[in-house]
Amino acid sequence: MSEAPPSRDRRLPLSLVFGFASLSVPLGAYAVAVAVYLPAYFAKHLGVSLAVIGGAWAVVRLIDLVVDPILGVAMDRTRTRLGRYRAWMLLGGPIMMAATYALFLAPAGIGSIYLIGWLLVLYLGTSILGLGHSAWAATLAPEYNERSRVFGVLAAAGVVGAVAVLMIPIIADGMGLSEAKGVQAQGWFILGLIPLAVLLTARTPEKLLPLSPGPAFALKDYVRLLLKPDLLRLFLAQMSLTMGPGWMSALYLFFFTDARGYSAEQASILLLVYVVAGVLGAPTTAFVATRFGKHKTLMATTTAYSLALCTVMLVPKGSVAWGLPVMLWCGFMAAGFDLMIRAMLADVADEVRLEQGREQISLIYALNSLGAKIAAAFAIGVTFPLLGQLGYDAAAGAVNTPEAIRSLEIAFIAGPIVFVMLGGACLIGWRLDSVRHAEIRIRLDAHDAQYAEAPVVESLGTEPAIPVLAPDGKPG
């Protein structure tokens, strides 16, 4: 049965949503380029060993785990003349640009110290941009169904960025450029997108809620959030739904070229189809969620994705025609994973604010992102060394044994299916549907109506008078 919300959501203008979503374009491009092309580029063309690559990614992700909660607390407490999240966007852009240049245009002979150092800088920049963008989106669209719509547009914009960056190796090959030059061109493309997207996003008006009373940091904040059942379930779902596609991305080029007999260009075309499917998959998933609920929609897409991935080994080797529908279906379903979790997190953040009397939305996104980062670390940190131990050689021109190829095939298929199905199972029995969330919003709106209207930062350079709650809970 569909979930009928008790009242019609207030819809944001599409022009505002599209401008705000522009930051998702370079973030989407970065996600594909770093997950699929950059590790293989280091291994094949810069001579970095699989063990060093896997170790560097794992170490960086583990170090990075402490960064997001600190950023979340800081964002929740930030109030500047530029706004809250806008100020963080303007900080994160240059950081991400510096790291993109250092990694995509890295010199030959780099070692683990170079990799770890610049990966840390890269993930700091992307953490600032990703966390700030998600939390800002949640405050921009406070209603249940409108969140599905906004996060659907954000996901579609991310797919556009991914599609664009996937086209670059294909175009580079058509121009007679090497595979390495194609990866470097991806870096230049992302570099050009970042400042433009940050400035477009920064034009979005930002509503500043009053600061909650109490200390800026308390360990109990972490404990209470981590022990909240709904947030724990979303944390585990985020881990699983990042680990599955991340595992697939890490092994994608090796699997399709060495195990399935595709050329690098054909593999890129199939991957492009997988990503392009998300342009329709993301908004379709968002639309379905407004009719049937976010958790039901997410469980349906995880099941459909896993069933389709089972058919990859049935496709004749080297057949692009037969591979296209499988990749199209998988990409269509996978597009909804992250957007549903981010929209559901925003709903839980409203419940937390009602229960605890303070806004912690940035911290909630930060803590949940730990699941994604742990999974991303293991997706590369486990699969690459594992393949090395099983005898697979990733170097260009290497000849692998049938046993090594078989190990590659099993790893590519089994990992994503297990983790994606586990991610869907985490949402069985989910209770925070549209009806429950509408009740929460009514109580929050009644509470907020007791205080002065929160200021809106319309553009760069305006400075609102920001109310601060006194210890008695009234505006000071």
# chains A, B, ... in the order shown; residues from 1 in each chain; ligands from 1
>>> closest_atom_pairs(of="stretch 341-399 of chain A", to="stretch 433-447 of chain A", cutoff="8 Å", atoms="only C-alpha atoms", output="JSON lines")
{"residue": "A:Asp347", "atom": "CA", "partner": "A:His437", "partner_atom": "CA", "distance": 6.7}
{"residue": "A:Asp350", "atom": "CA", "partner": "A:Ile440", "partner_atom": "CA", "distance": 7.1}
{"residue": "A:Glu351", "atom": "CA", "partner": "A:Ile440", "partner_atom": "CA", "distance": 6.4}
{"residue": "A:Leu354", "atom": "CA", "partner": "A:Leu444", "partner_atom": "CA", "distance": 6.4}
>>> write_last_selection(atoms="N, CA and C atoms", output="mmCIF file, in the first residue's frame")
data_model
loop_
_atom_site.group_PDB
_atom_site.id
_atom_site.type_symbol
_atom_site.label_atom_id
_atom_site.label_comp_id
_atom_site.auth_asym_id
_atom_site.auth_seq_id
_atom_site.Cartn_x
_atom_site.Cartn_y
_atom_site.Cartn_z
ATOM 1 N N ASP A 347 15.091 12.858 7.776
ATOM 2 C CA ASP A 347 13.886 12.610 8.566
ATOM 3 C C ASP A 347 14.237 12.251 10.010
ATOM 4 N N ASP A 350 15.266 15.228 12.083
ATOM 5 C CA ASP A 350 14.141 15.981 12.643
ATOM 6 C C ASP A 350 13.670 15.345 13.948
ATOM 7 N N GLU A 351 13.602 14.035 13.973
ATOM 8 C CA GLU A 351 13.183 13.334 15.189
ATOM 9 C C GLU A 351 14.171 13.565 16.320
ATOM 10 N N LEU A 354 13.677 16.988 17.780
ATOM 11 C CA LEU A 354 12.491 17.023 18.631
ATOM 12 C C LEU A 354 12.771 16.374 19.985
#
>>> residues_around(residues="A:Thr297", least_positions_apart="4", cutoff="8 Å", atoms="only C-alpha atoms", output="short mmCIF file (atom, residue, chain, number, x, y, z; two decimals) with N, CA and C atoms, in the first residue's frame")
data_model
loop_
_atom_site.label_atom_id
_atom_site.label_comp_id
_atom_site.auth_asym_id
_atom_site.auth_seq_id
_atom_site.Cartn_x
_atom_site.Cartn_y
_atom_site.Cartn_z
N THR A 285 13.34 6.75 -8.78
CA THR A 285 13.34 6.24 -7.41
C THR A 285 12.74 7.26 -6.45
N VAL A 288 8.94 7.22 -6.95
CA VAL A 288 8.33 6.03 -6.36
C VAL A 288 8.29 6.14 -4.84
N ALA A 289 9.35 6.73 -4.26
CA ALA A 289 9.40 6.88 -2.81
C ALA A 289 8.29 7.78 -2.28
N PHE A 292 5.30 5.16 -2.19
CA PHE A 292 5.37 3.93 -1.39
C PHE A 292 6.26 4.05 -0.15
N GLY A 293 6.92 5.17 0.03
CA GLY A 293 7.80 5.33 1.18
C GLY A 293 9.25 5.05 0.82
N THR A 301 14.77 -1.70 -4.65
CA THR A 301 15.88 -1.46 -5.59
C THR A 301 17.09 -2.33 -5.27
#
>>> residues_around(residues="A:Thr100", least_positions_apart="3", cutoff="8 Å", atoms="only C-alpha atoms", output="JSON, numbers by chain")
{"A": [96, 97, 103, 104, 105, 122, 187, 190, 191]}
>>> write_last_selection(atoms="N, CA, C and O atoms", output="PDB file, in the first residue's frame")
ATOM      1  N   MET A  96      39.879  20.722  -2.270  1.00  0.00           N
ATOM      2  CA  MET A  96      39.667  19.620  -3.210  1.00  0.00           C
ATOM      3  C   MET A  96      40.402  19.859  -4.521  1.00  0.00           C
ATOM      4  O   MET A  96      40.932  18.915  -5.132  1.00  0.00           O
ATOM      5  N   MET A  97      40.491  21.088  -4.961  1.00  0.00           N
ATOM      6  CA  MET A  97      41.197  21.394  -6.204  1.00  0.00           C
ATOM      7  C   MET A  97      42.680  21.085  -6.096  1.00  0.00           C
ATOM      8  O   MET A  97      43.281  20.487  -7.005  1.00  0.00           O
ATOM      9  N   LEU A 103      46.984  14.452  -7.392  1.00  0.00           N
ATOM     10  CA  LEU A 103      46.777  13.021  -7.595  1.00  0.00           C
ATOM     11  C   LEU A 103      46.602  12.653  -9.062  1.00  0.00           C
ATOM     12  O   LEU A 103      47.204  11.690  -9.544  1.00  0.00           O
ATOM     13  N   PHE A 104      45.808  13.396  -9.795  1.00  0.00           N
ATOM     14  CA  PHE A 104      45.568  13.044 -11.197  1.00  0.00           C
ATOM     15  C   PHE A 104      46.746  13.408 -12.096  1.00  0.00           C
ATOM     16  O   PHE A 104      46.869  12.868 -13.194  1.00  0.00           O
ATOM     17  N   LEU A 105      47.606  14.284 -11.633  1.00  0.00           N
ATOM     18  CA  LEU A 105      48.792  14.650 -12.395  1.00  0.00           C
ATOM     19  C   LEU A 105      50.051  14.297 -11.624  1.00  0.00           C
ATOM     20  O   LEU A 105      51.063  14.980 -11.704  1.00  0.00           O
ATOM     21  N   LEU A 122      42.569  15.266  -0.203  1.00  0.00           N
ATOM     22  CA  LEU A 122      41.410  15.091  -1.077  1.00  0.00           C
ATOM     23  C   LEU A 122      40.161  14.772  -0.282  1.00  0.00           C
ATOM     24  O   LEU A 122      39.090  15.375  -0.497  1.00  0.00           O
ATOM     25  N   GLY A 187      41.153  14.562 -14.463  1.00  0.00           N
ATOM     26  CA  GLY A 187      41.561  15.463 -13.390  1.00  0.00           C
ATOM     27  C   GLY A 187      41.366  16.922 -13.760  1.00  0.00           C
ATOM     28  O   GLY A 187      40.856  17.717 -12.958  1.00  0.00           O
ATOM     29  N   ILE A 190      37.598  17.826 -13.644  1.00  0.00           N
ATOM     30  CA  ILE A 190      37.095  18.034 -12.285  1.00  0.00           C
ATOM     31  C   ILE A 190      37.607  19.353 -11.724  1.00  0.00           C
ATOM     32  O   ILE A 190      36.866  20.089 -11.050  1.00  0.00           O
ATOM     33  N   LEU A 191      38.862  19.662 -12.009  1.00  0.00           N
ATOM     34  CA  LEU A 191      39.426  20.935 -11.549  1.00  0.00           C
ATOM     35  C   LEU A 191      38.631  22.132 -12.063  1.00  0.00           C
ATOM     36  O   LEU A 191      38.405  23.106 -11.342  1.00  0.00           O
TER      37      LEU A 191
END
>>> select_by_dssp(residues="stretch 32-88 of chain A", states="helix (DSSP H, G or I)", output="PyMOL selection string")
chain A and resi 32-45+50-64+67-77+85-88
>>> closest_residue(among="A:Gly424, A:Pro325, A:Pro316, A:Gly83", to="A:Thr204", atoms="only C-alpha atoms")
A:Gly83
>>> closest_residue(among="A:Gln360, A:Gln389, A:Asn145, A:Gln184", to="A:Pro107", atoms="only C-alpha atoms")
A:Gln184
>>> closest_atom_pairs(of="stretch 149-171 of chain A", to="stretch 32-50 of chain A", cutoff="9 Å", atoms="only C-alpha atoms", output="CSV")
residue,atom,partner,partner_atom,distance
A:Gly161,CA,A:Val32,CA,8.9
A:Ala162,CA,A:Val32,CA,5.9
A:Val163,CA,A:Val32,CA,8.9
A:Val165,CA,A:Ala33,CA,7.0
A:Leu166,CA,A:Ala33,CA,7.8
>>> write_last_selection(atoms="N, CA, C and O atoms", output="compact mmCIF listing (two decimals), in the first residue's frame")
# COMPACT_ATOMS: atom_id res chain seq x y z
N GLY A 161 27.58 14.32 -13.71
CA GLY A 161 29.03 14.47 -13.54
C GLY A 161 29.77 13.18 -13.82
O GLY A 161 30.83 13.18 -14.45
N ALA A 162 29.21 12.07 -13.34
CA ALA A 162 29.84 10.78 -13.57
C ALA A 162 29.85 10.42 -15.06
O ALA A 162 30.85 9.90 -15.57
N VAL A 163 28.75 10.70 -15.74
CA VAL A 163 28.67 10.42 -17.17
C VAL A 163 29.72 11.24 -17.92
O VAL A 163 30.42 10.73 -18.81
N VAL A 165 32.55 12.47 -16.86
CA VAL A 165 33.92 12.02 -16.62
C VAL A 165 34.18 10.67 -17.28
O VAL A 165 35.32 10.36 -17.66
N LEU A 166 33.13 9.86 -17.46
CA LEU A 166 33.29 8.59 -18.15
C LEU A 166 33.47 8.77 -19.65
O LEU A 166 34.08 7.92 -20.32
>>> residues_around(residues="A:Gly132", least_positions_apart="5", cutoff="12 Å", atoms="only C-alpha atoms", output="PyMOL selection string")
chain A and resi 20+23-24+68+71-76+78+83-93+125-127+137-140+198+201-202+361-366+369
>>> write_last_selection(atoms="C-alpha atoms", output="PDB file, in the first residue's frame")
ATOM      1  CA  PHE A  20      21.838  24.105  -5.579  1.00  0.00           C
ATOM      2  CA  LEU A  23      27.832  20.906  -6.653  1.00  0.00           C
ATOM      3  CA  SER A  24      26.799  17.280  -7.108  1.00  0.00           C
ATOM      4  CA  ASP A  68      33.897  13.894   9.743  1.00  0.00           C
ATOM      5  CA  LEU A  71      33.420  18.713  10.835  1.00  0.00           C
ATOM      6  CA  GLY A  72      29.827  17.833  11.717  1.00  0.00           C
ATOM      7  CA  VAL A  73      30.033  19.472  15.142  1.00  0.00           C
ATOM      8  CA  ALA A  74      31.752  22.515  13.650  1.00  0.00           C
ATOM      9  CA  MET A  75      29.134  22.900  10.914  1.00  0.00           C
ATOM     10  CA  ASP A  76      26.262  22.662  13.373  1.00  0.00           C
ATOM     11  CA  THR A  78      28.861  27.696  12.518  1.00  0.00           C
ATOM     12  CA  GLY A  83      25.794  31.765   6.305  1.00  0.00           C
ATOM     13  CA  ARG A  84      26.549  28.355   7.751  1.00  0.00           C
ATOM     14  CA  TYR A  85      27.045  25.836   4.938  1.00  0.00           C
ATOM     15  CA  ARG A  86      27.949  28.434   2.309  1.00  0.00           C
ATOM     16  CA  ALA A  87      31.099  29.333   4.252  1.00  0.00           C
ATOM     17  CA  TRP A  88      32.139  25.681   4.331  1.00  0.00           C
ATOM     18  CA  MET A  89      31.535  25.300   0.590  1.00  0.00           C
ATOM     19  CA  LEU A  90      33.913  28.173  -0.127  1.00  0.00           C
ATOM     20  CA  LEU A  91      36.543  26.533   2.091  1.00  0.00           C
ATOM     21  CA  GLY A  92      36.241  23.001   0.745  1.00  0.00           C
ATOM     22  CA  GLY A  93      36.480  23.901  -2.947  1.00  0.00           C
ATOM     23  CA  GLY A 125      37.945  18.619   0.770  1.00  0.00           C
ATOM     24  CA  THR A 126      35.288  16.143  -0.327  1.00  0.00           C
ATOM     25  CA  SER A 127      34.140  15.638   3.273  1.00  0.00           C
ATOM     26  CA  ALA A 137      19.774  20.046   1.392  1.00  0.00           C
ATOM     27  CA  ALA A 138      18.027  18.609   4.449  1.00  0.00           C
ATOM     28  CA  THR A 139      17.397  22.087   5.873  1.00  0.00           C
ATOM     29  CA  LEU A 140      16.424  23.431   2.464  1.00  0.00           C
ATOM     30  CA  VAL A 198      30.748  25.964  -5.621  1.00  0.00           C
ATOM     31  CA  THR A 201      25.600  26.438  -5.041  1.00  0.00           C
ATOM     32  CA  ALA A 202      26.613  29.383  -2.866  1.00  0.00           C
ATOM     33  CA  ILE A 361      21.934  17.380  11.442  1.00  0.00           C
ATOM     34  CA  SER A 362      25.523  17.936  10.264  1.00  0.00           C
ATOM     35  CA  LEU A 363      26.838  15.624  12.973  1.00  0.00           C
ATOM     36  CA  ILE A 364      24.284  12.989  11.979  1.00  0.00           C
ATOM     37  CA  TYR A 365      25.427  13.101   8.360  1.00  0.00           C
ATOM     38  CA  ALA A 366      29.035  13.052   9.533  1.00  0.00           C
ATOM     39  CA  SER A 369      29.412   9.039   6.457  1.00  0.00           C
TER      40      SER A 369
END
>>> residues_around(residues="A:Ser319", least_positions_apart="4", cutoff="9 Å", atoms="only C-alpha atoms", output="PDB file with N, CA and C atoms, in the first residue's frame")
ATOM      1  N   ARG A 260      36.246 -10.987 -18.875  1.00  0.00           N
ATOM      2  CA  ARG A 260      35.133 -11.053 -19.805  1.00  0.00           C
ATOM      3  C   ARG A 260      35.508 -10.684 -21.228  1.00  0.00           C
ATOM      4  N   GLY A 261      36.756 -10.356 -21.482  1.00  0.00           N
ATOM      5  CA  GLY A 261      37.228 -10.188 -22.844  1.00  0.00           C
ATOM      6  C   GLY A 261      36.862  -8.898 -23.534  1.00  0.00           C
ATOM      7  N   TYR A 262      36.520  -7.865 -22.790  1.00  0.00           N
ATOM      8  CA  TYR A 262      36.215  -6.565 -23.378  1.00  0.00           C
ATOM      9  C   TYR A 262      37.491  -5.727 -23.477  1.00  0.00           C
ATOM     10  N   VAL A 315      26.280 -13.357 -19.736  1.00  0.00           N
ATOM     11  CA  VAL A 315      26.512 -12.579 -20.948  1.00  0.00           C
ATOM     12  C   VAL A 315      27.713 -13.145 -21.699  1.00  0.00           C
ATOM     13  N   GLY A 323      25.649  -7.160 -22.989  1.00  0.00           N
ATOM     14  CA  GLY A 323      26.022  -6.550 -21.716  1.00  0.00           C
ATOM     15  C   GLY A 323      25.258  -5.278 -21.406  1.00  0.00           C
ATOM     16  N   LEU A 324      24.789  -4.588 -22.446  1.00  0.00           N
ATOM     17  CA  LEU A 324      24.116  -3.303 -22.251  1.00  0.00           C
ATOM     18  C   LEU A 324      22.879  -3.379 -21.351  1.00  0.00           C
TER      19      LEU A 324
END
>>> residues_around(residues="A:Arg61", least_positions_apart="6", cutoff="12 Å", atoms="only C-alpha atoms", output="short mmCIF file (atom, residue, chain, number, x, y, z; two decimals) with all heavy atoms, in the first residue's frame")
data_model
loop_
_atom_site.label_atom_id
_atom_site.label_comp_id
_atom_site.auth_asym_id
_atom_site.auth_seq_id
_atom_site.Cartn_x
_atom_site.Cartn_y
_atom_site.Cartn_z
N GLY A 54 46.33 -0.37 -2.03
CA GLY A 54 45.31 -0.81 -1.08
C GLY A 54 45.61 -0.32 0.32
O GLY A 54 44.71 0.14 1.04
N GLY A 55 46.87 -0.38 0.74
CA GLY A 55 47.26 0.08 2.06
C GLY A 55 47.04 1.57 2.24
O GLY A 55 46.57 2.03 3.28
N VAL A 67 37.76 12.77 11.19
CA VAL A 67 37.58 14.12 10.63
C VAL A 67 36.11 14.48 10.52
O VAL A 67 35.70 15.59 10.89
CB VAL A 67 38.28 14.23 9.26
CG1 VAL A 67 37.98 15.58 8.62
CG2 VAL A 67 39.78 14.03 9.42
N ASP A 68 35.29 13.57 10.01
CA ASP A 68 33.90 13.89 9.74
C ASP A 68 33.11 14.30 10.99
O ASP A 68 32.35 15.27 10.95
CB ASP A 68 33.22 12.73 9.03
CG ASP A 68 33.47 12.73 7.53
OD1 ASP A 68 34.30 13.56 7.09
OD2 ASP A 68 32.87 11.93 6.81
N ILE A 116 49.29 8.78 0.58
CA ILE A 116 48.54 8.98 1.81
C ILE A 116 48.32 10.46 2.08
O ILE A 116 47.22 10.90 2.43
CB ILE A 116 49.25 8.30 3.00
CG1 ILE A 116 49.18 6.78 2.84
CG2 ILE A 116 48.63 8.73 4.33
CD1 ILE A 116 50.01 6.01 3.87
N GLY A 117 49.38 11.26 1.91
CA GLY A 117 49.28 12.69 2.19
C GLY A 117 48.24 13.39 1.34
O GLY A 117 47.37 14.10 1.85
N LEU A 119 45.85 11.95 -0.54
CA LEU A 119 44.52 11.37 -0.36
C LEU A 119 43.84 11.96 0.86
O LEU A 119 42.62 12.20 0.87
CB LEU A 119 44.60 9.85 -0.24
CG LEU A 119 44.81 9.06 -1.54
CD1 LEU A 119 45.06 7.59 -1.25
CD2 LEU A 119 43.62 9.23 -2.48
N LEU A 120 44.60 12.21 1.91
CA LEU A 120 44.05 12.85 3.10
C LEU A 120 43.51 14.24 2.77
O LEU A 120 42.42 14.62 3.22
CB LEU A 120 45.11 12.94 4.20
CG LEU A 120 45.38 11.68 5.01
CD1 LEU A 120 46.58 11.89 5.93
CD2 LEU A 120 44.15 11.29 5.82
N VAL A 121 44.27 14.99 1.99
CA VAL A 121 43.81 16.33 1.59
C VAL A 121 42.56 16.22 0.73
O VAL A 121 41.59 16.99 0.89
CB VAL A 121 44.93 17.08 0.84
CG1 VAL A 121 44.44 18.44 0.36
CG2 VAL A 121 46.15 17.25 1.75
N LEU A 122 42.57 15.27 -0.20
CA LEU A 122 41.41 15.09 -1.08
C LEU A 122 40.16 14.77 -0.28
O LEU A 122 39.09 15.38 -0.50
CB LEU A 122 41.69 13.96 -2.09
CG LEU A 122 40.53 13.63 -3.04
CD1 LEU A 122 40.25 14.79 -3.96
CD2 LEU A 122 40.82 12.36 -3.83
N TYR A 123 40.26 13.83 0.64
CA TYR A 123 39.09 13.43 1.40
C TYR A 123 38.65 14.50 2.39
O TYR A 123 37.48 14.56 2.76
CB TYR A 123 39.34 12.09 2.10
CG TYR A 123 39.34 10.94 1.12
CD1 TYR A 123 40.38 10.02 1.10
CD2 TYR A 123 38.31 10.79 0.20
CE1 TYR A 123 40.40 8.97 0.19
CE2 TYR A 123 38.32 9.75 -0.70
CZ TYR A 123 39.35 8.84 -0.71
OH TYR A 123 39.36 7.81 -1.62
N LEU A 124 39.57 15.35 2.84
CA LEU A 124 39.17 16.48 3.67
C LEU A 124 38.28 17.42 2.85
O LEU A 124 37.22 17.86 3.30
CB LEU A 124 40.39 17.23 4.19
CG LEU A 124 40.11 18.55 4.93
CD1 LEU A 124 39.27 18.28 6.18
CD2 LEU A 124 41.41 19.27 5.27
N SER A 127 34.96 15.74 2.06
CA SER A 127 34.14 15.64 3.27
C SER A 127 33.45 16.96 3.56
O SER A 127 32.26 17.00 3.89
CB SER A 127 35.00 15.23 4.47
OG SER A 127 35.44 13.90 4.36
N SER A 369 28.39 9.13 7.51
CA SER A 369 29.41 9.04 6.46
C SER A 369 30.58 8.15 6.87
O SER A 369 31.33 7.67 6.02
CB SER A 369 29.92 10.44 6.09
OG SER A 369 30.79 10.94 7.09
N LEU A 370 30.73 7.93 8.18
CA LEU A 370 31.77 7.00 8.62
C LEU A 370 31.53 5.62 8.04
O LEU A 370 32.47 4.91 7.68
CB LEU A 370 31.80 6.92 10.15
CG LEU A 370 32.11 8.20 10.92
CD1 LEU A 370 32.20 7.91 12.40
CD2 LEU A 370 33.40 8.83 10.42
N GLY A 371 30.25 5.24 7.95
CA GLY A 371 29.94 3.95 7.35
C GLY A 371 30.39 3.88 5.91
O GLY A 371 30.96 2.87 5.47
N ALA A 372 30.14 4.95 5.16
CA ALA A 372 30.55 4.99 3.76
C ALA A 372 32.07 4.95 3.64
O ALA A 372 32.62 4.28 2.76
CB ALA A 372 29.99 6.23 3.08
N LYS A 373 32.75 5.65 4.53
CA LYS A 373 34.21 5.73 4.43
C LYS A 373 34.87 4.42 4.87
O LYS A 373 35.88 4.01 4.28
CB LYS A 373 34.72 6.90 5.26
CG LYS A 373 34.29 8.23 4.67
CD LYS A 373 35.00 9.40 5.29
CE LYS A 373 34.65 10.68 4.53
NZ LYS A 373 35.40 11.85 4.99
N ILE A 374 34.32 3.79 5.88
CA ILE A 374 34.85 2.48 6.28
C ILE A 374 34.69 1.49 5.12
O ILE A 374 35.60 0.75 4.78
CB ILE A 374 34.13 1.97 7.53
CG1 ILE A 374 34.51 2.82 8.74
CG2 ILE A 374 34.49 0.50 7.80
CD1 ILE A 374 33.69 2.52 9.98
N ALA A 375 33.49 1.51 4.52
CA ALA A 375 33.23 0.60 3.40
C ALA A 375 34.12 0.91 2.21
O ALA A 375 34.65 0.01 1.55
CB ALA A 375 31.76 0.69 3.00
N ALA A 376 34.30 2.20 1.91
CA ALA A 376 35.15 2.59 0.78
C ALA A 376 36.59 2.16 1.01
O ALA A 376 37.29 1.75 0.08
CB ALA A 376 35.07 4.10 0.55
N ALA A 377 37.03 2.26 2.26
CA ALA A 377 38.40 1.83 2.57
C ALA A 377 38.58 0.34 2.33
O ALA A 377 39.56 -0.10 1.72
CB ALA A 377 38.73 2.18 4.02
N PHE A 378 37.61 -0.44 2.77
CA PHE A 378 37.72 -1.88 2.61
C PHE A 378 37.48 -2.32 1.17
O PHE A 378 38.00 -3.34 0.74
CB PHE A 378 36.76 -2.60 3.55
CG PHE A 378 37.27 -2.69 4.96
CD1 PHE A 378 36.84 -1.80 5.93
CD2 PHE A 378 38.18 -3.66 5.31
CE1 PHE A 378 37.32 -1.88 7.23
CE2 PHE A 378 38.67 -3.76 6.59
CZ PHE A 378 38.24 -2.87 7.57
N ALA A 379 36.68 -1.55 0.41
CA ALA A 379 36.40 -1.92 -0.97
C ALA A 379 37.70 -2.01 -1.77
O ALA A 379 37.88 -2.91 -2.59
CB ALA A 379 35.45 -0.92 -1.61
N ILE A 380 38.61 -1.06 -1.54
CA ILE A 380 39.90 -1.09 -2.23
C ILE A 380 40.96 -1.75 -1.35
O ILE A 380 41.78 -2.53 -1.83
CB ILE A 380 40.34 0.34 -2.60
CG1 ILE A 380 39.37 0.93 -3.62
CG2 ILE A 380 41.75 0.35 -3.19
CD1 ILE A 380 39.66 2.36 -4.00
N GLY A 381 40.93 -1.44 -0.05
CA GLY A 381 41.94 -1.96 0.86
C GLY A 381 41.91 -3.46 1.04
O GLY A 381 42.91 -4.06 1.45
#
>>> atom_distance(atom1="atom CA of A:Ala21", atom2="atom CA of A:Ala157")
6.3 Å
>>> atom_distance(atom1="atom CA of A:Thr401", atom2="atom CA of A:Thr383")
18.0 Å
>>> atom_distance(atom1="atom CA of A:Ala51", atom2="atom CA of A:Ala411")
17.1 Å
>>> select_by_dssp(residues="stretch 38-267 of chain A", states="strand (DSSP E or B)", output="list in words")
Thr80, Gly83, Glu206, Lys207 and Leu211 of chain A
>>> closest_residue(among="A:Asp64, A:Asp393, A:Glu265, A:Glu206", to="A:Ala135", atoms="only C-alpha atoms")
A:Glu206
>>> closest_atom_pairs(of="stretch 325-383 of chain A", to="stretch 266-283 of chain A", cutoff="9 Å", atoms="only C-alpha atoms", output="CSV")
residue,atom,partner,partner_atom,distance
A:Pro325,CA,A:Val273,CA,8.8
A:Val326,CA,A:Tyr274,CA,8.5
A:Met327,CA,A:Tyr274,CA,4.9
A:Leu328,CA,A:Tyr274,CA,5.0
A:Trp329,CA,A:Ala277,CA,7.4
A:Cys330,CA,A:Tyr274,CA,6.6
A:Gly331,CA,A:Tyr274,CA,4.2
A:Phe332,CA,A:Gly281,CA,4.3
A:Met333,CA,A:Gly281,CA,6.2
A:Ala334,CA,A:Gly278,CA,7.4
A:Ala335,CA,A:Gly278,CA,4.8
A:Gly336,CA,A:Ala282,CA,5.3
A:Phe337,CA,A:Ala282,CA,8.8
A:Leu339,CA,A:Ala282,CA,7.6
